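Everything below concerns the one structure shown next.
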Amino acid sequence: MTTTENRPGPTTTVTEVIDWSAAPIPSDEAGWLERARAVRDILERDAAARDRAGATPYDEVALLKESGLVTLLGPVEHGGGGQEWPTAYRVIREVAAGDGSIGQLLGYHLLWFWAARLVGTPEQIEAVEADATRNRWFFGGAVNPRDLDLRIRDDGDEIVYTGRKSFSTGSRVSDVTVLEGVLEGTDTHVFAVVPSAQDGIVFHDDWDNIGQRLTESGSVTITDVRVPWASAAGFVDKTFQPRVYNTLNVPTIQLVFVSFYLGIARGALETGAEYTRTVTRPWLHGGHDRAVDEPYQLDLYGDYQSKLWAAEALADAVATEGLALHRDAWNVTEQQRGEHEVRVAAVKARATEVALEITGGIFEGLGARATAAGLGFDRFWRNIRTHTLHDPVAYKRREVGARLLRDELPEPTWYS
C-alpha cells in the first residue's frame, strides 16, 4: 500500500526544538518514557493556547512522528521500538499529561496500528507493520459501533466500502484509516487499512465539542472505497479465520482510554501544584504566609496525589496481566479474555472517577484568579468530561459486580 503524506502547515506554535535524528532510537521502556517526557515538555508549553485555537494538529502529529513515538509498537527490524502494550500505555499517559488531545491521538494511532495483529493473518500482520513502521504512517479509524455499519459489496477480487460514520478520530492528520463494515447479505464484519487521502473518503471537519478539541474526531463519508480481498484483515479465500484474540479490541482500547484519562489528571495535578506553589495567595484569615503551608492545601493535594497513584498502580497491574494474552495471541481462551475484561472494567471505572475529581476539584487549590481564560485550567476537566461519556461507566462497574456476585464473565461485545 502507498499513502500520501497530509499537507503540513504552520497551524500551531509547536516547533521542533530537538534534533531527534541525532538521538538513537530508544531500546527499552526507560528510554521510550524519557522520549515521551521530552514530547510532553514541548506540548505543555502552549497547550492552553493551542486548545483555544483549535487548529488541525499537523505540527503535533509531525512531532509524534519525528520523535518516533508512532513506531513504538513497530518491529525493531523495520526501525520500530519493539515495545509491548504496558509501555505503550505509560507513553500515552505521559504525552496526555502535556496535551490530552494529542495523548488521545497517539493512543488511537497505536490501537489502529495494532489492529492488524488483532484480526489479521500472520502474512498481513507482517506486511502492514513493516510498511507502517518504515513509513511512519499515522493511523486514524472510522469505526463507531453506535452508527450504522458501513456497507461492503463483494466485487470479485475486491470489496467496496460505502457509508458514513459520526466519528473518525485522526481524520485529516492521518496517513491511513482503518475501515470496518458488514458484507452485504451477511453478518460478517471486515476490517481494512486504506489511504486516507483519496476521493472516496471525505472528512467533514465538524468536530466542535467542548473537550479533546484537537483530536480531529469529526464525521466522515465513505464512497466506493475499494480494497483487495487480500487486504481484508483475517480473511483467506474470502473466509474469516476467527480467534478469541479478535475480541481483545475492547479491553485494549479501554486501557488506552484509561491511559490518557490518568495522563490528563496528572497534567492537571502537576500544573495546578506549580501554580499553587508560585501564584496562589494564602487566605488572609488563615494565618499562613504561603499557600503551600495551609492545611487544606496539603490535604487537597495529598488526597489527589494518593488517589492518582492508586489508579496508576492498578492500571499498570492490569496492563501487565494482559501481557500473557498478547504474547500468546493464537491460543487465548474465552476464560482468559473474560477475566481480563473484568479487571479492565474495574480500572476504567476508577480512572474515570479519579480523573473527573482531580480535574474539577483542582480549582479549590488554585484560587479565583486561576479561572482566567488565558490560563486554560478548564481544559483538563473539559477533556476528561468529553471523553468519559464514550460509554457509561456504570456498565463497567456492573461487569465487576456480576463477576463477584454471580461468577459471570462478560460476553464480548463492542463495549464489553
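Note on naming: chains are A, B, ... as they come in the C-alpha cells, residues start from 1 per chain, ligands start from 1 in the order shown.
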
Test item: residues at most 10 Å from Val342 of chain A, only C-alpha atoms, excluding those fewer than 2 positions along its chain, as a PyMOL selection string: chain A and resi 251+318+337-340+344-348+396-404+408-410+416

- request: Just the residues within 6 Å of Val225 of chain A, please, counting only C-alpha atoms, with nothing from its chain fewer than 6 positions along; format it as a ChimeraX atom specification.
  value: /A:160-161,200

field: Residue contacts of Lys165 of chain A (6 Å, only C-alpha atoms) excluding same-chain residues fewer than 2 positions away, as JSON, numbers by chain
entry: {"A": [167, 219, 220]}

Now that the selection is made, can you save its residues with C-alpha atoms as a compact mmCIF listing (two decimals), in the first residue's frame?
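Output file out16.txt follows:
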```txt
# COMPACT_ATOMS: atom_id res chain seq x y z
CA PHE A 167 -16.57 9.94 14.33
CA SER A 219 -17.61 12.66 10.79
CA VAL A 220 -16.59 11.00 7.55
```

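Remark: for Thr247 of chain A, the closest of the candidate residues A:Glu84, A:Glu270, A:Glu334, A:Glu123 is A:Glu334 (distances computed over only C-alpha atoms).
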
- request: Quick one: pick out all helix (DSSP H, G or I) residues within segment 174-380 of chain A from a backbone DSSP run and write them as an NGL selection string.
  value: :A and (229-231 or 244-278 or 291-293 or 295-321 or 323-327 or 329-331 or 334-365 or 368-371 or 373-375 or 378-380)

Among segment 229-338 of chain A, which residues carry a DSSP assignment of strand (DSSP E), reported as an mmCIF file with C-alpha atoms, in the first residue's frame?
```
data_model
loop_
_atom_site.group_PDB
_atom_site.id
_atom_site.type_symbol
_atom_site.label_atom_id
_atom_site.label_comp_id
_atom_site.auth_asym_id
_atom_site.auth_seq_id
_atom_site.Cartn_x
_atom_site.Cartn_y
_atom_site.Cartn_z
ATOM 1 C CA PHE A 235 -9.617 -13.406 5.566
ATOM 2 C CA VAL A 236 -8.234 -16.261 3.475
ATOM 3 C CA THR A 239 -13.324 -16.725 4.620
ATOM 4 C CA PHE A 240 -12.537 -15.234 8.034
#
```

Show me, as a Markdown table, the residues of segment 27-75 of chain A having an atom within 12 Å of segment 203-211 of chain A, each with the closest atom pair and its distance in Å, using only C-alpha atoms.
```
| residue | atom | partner | partner_atom | distance |
| --- | --- | --- | --- | --- |
| A:Ala48 | CA | A:Gly211 | CA | 11.9 |
| A:Asp51 | CA | A:Gly211 | CA | 8.7 |
| A:Arg52 | CA | A:Gly211 | CA | 10.4 |
| A:Gly54 | CA | A:Asp208 | CA | 9.1 |
| A:Ala55 | CA | A:Asp205 | CA | 10.8 |
| A:Thr56 | CA | A:Asp205 | CA | 9.4 |
```

Write a file of the selected residues as a compact mmCIF listing (two decimals), in the first residue's frame, keeping N, CA, C and O atoms.
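out_8.txt written:
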```txt
# COMPACT_ATOMS: atom_id res chain seq x y z
N ALA A 48 -2.54 25.34 26.37
CA ALA A 48 -3.76 26.13 26.55
C ALA A 48 -4.05 26.97 25.31
O ALA A 48 -5.20 27.07 24.86
N ASP A 51 -5.23 24.76 22.48
CA ASP A 51 -6.59 24.31 22.75
C ASP A 51 -7.59 25.39 22.35
O ASP A 51 -8.63 25.10 21.73
N ARG A 52 -7.29 26.65 22.67
CA ARG A 52 -8.18 27.75 22.29
C ARG A 52 -8.24 27.91 20.77
O ARG A 52 -9.30 28.15 20.21
N GLY A 54 -7.74 25.64 18.43
CA GLY A 54 -8.47 24.53 17.83
C GLY A 54 -8.06 24.22 16.41
O GLY A 54 -8.85 23.71 15.62
N ALA A 55 -6.81 24.48 16.06
CA ALA A 55 -6.34 24.25 14.70
C ALA A 55 -6.03 22.77 14.47
O ALA A 55 -5.76 22.02 15.41
N THR A 56 -6.07 22.37 13.22
CA THR A 56 -5.72 20.99 12.88
C THR A 56 -4.28 20.71 13.31
O THR A 56 -3.37 21.47 12.96
```

- line: Of A:Arg50, A:Ser67, A:Tyr58, A:Lys307, the one sitting nearest Leu33 of chain A when using only C-alpha atoms is A:Ser67

message: Let me make sure I understand: among A:Ile125, A:Val173, A:Leu284, A:Ala115, which one has the smallest atom-to-atom distance to Lys65 of chain A if we use only C-alpha atoms?
response: A:Val173

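The space between atom CA of His288 of chain A and atom CA of Asp303 of chain A spans 20.7 Å.
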
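Straight-line separation from atom CA of Pro412 of chain A to atom CA of Gly218 of chain A: 27.1 Å.
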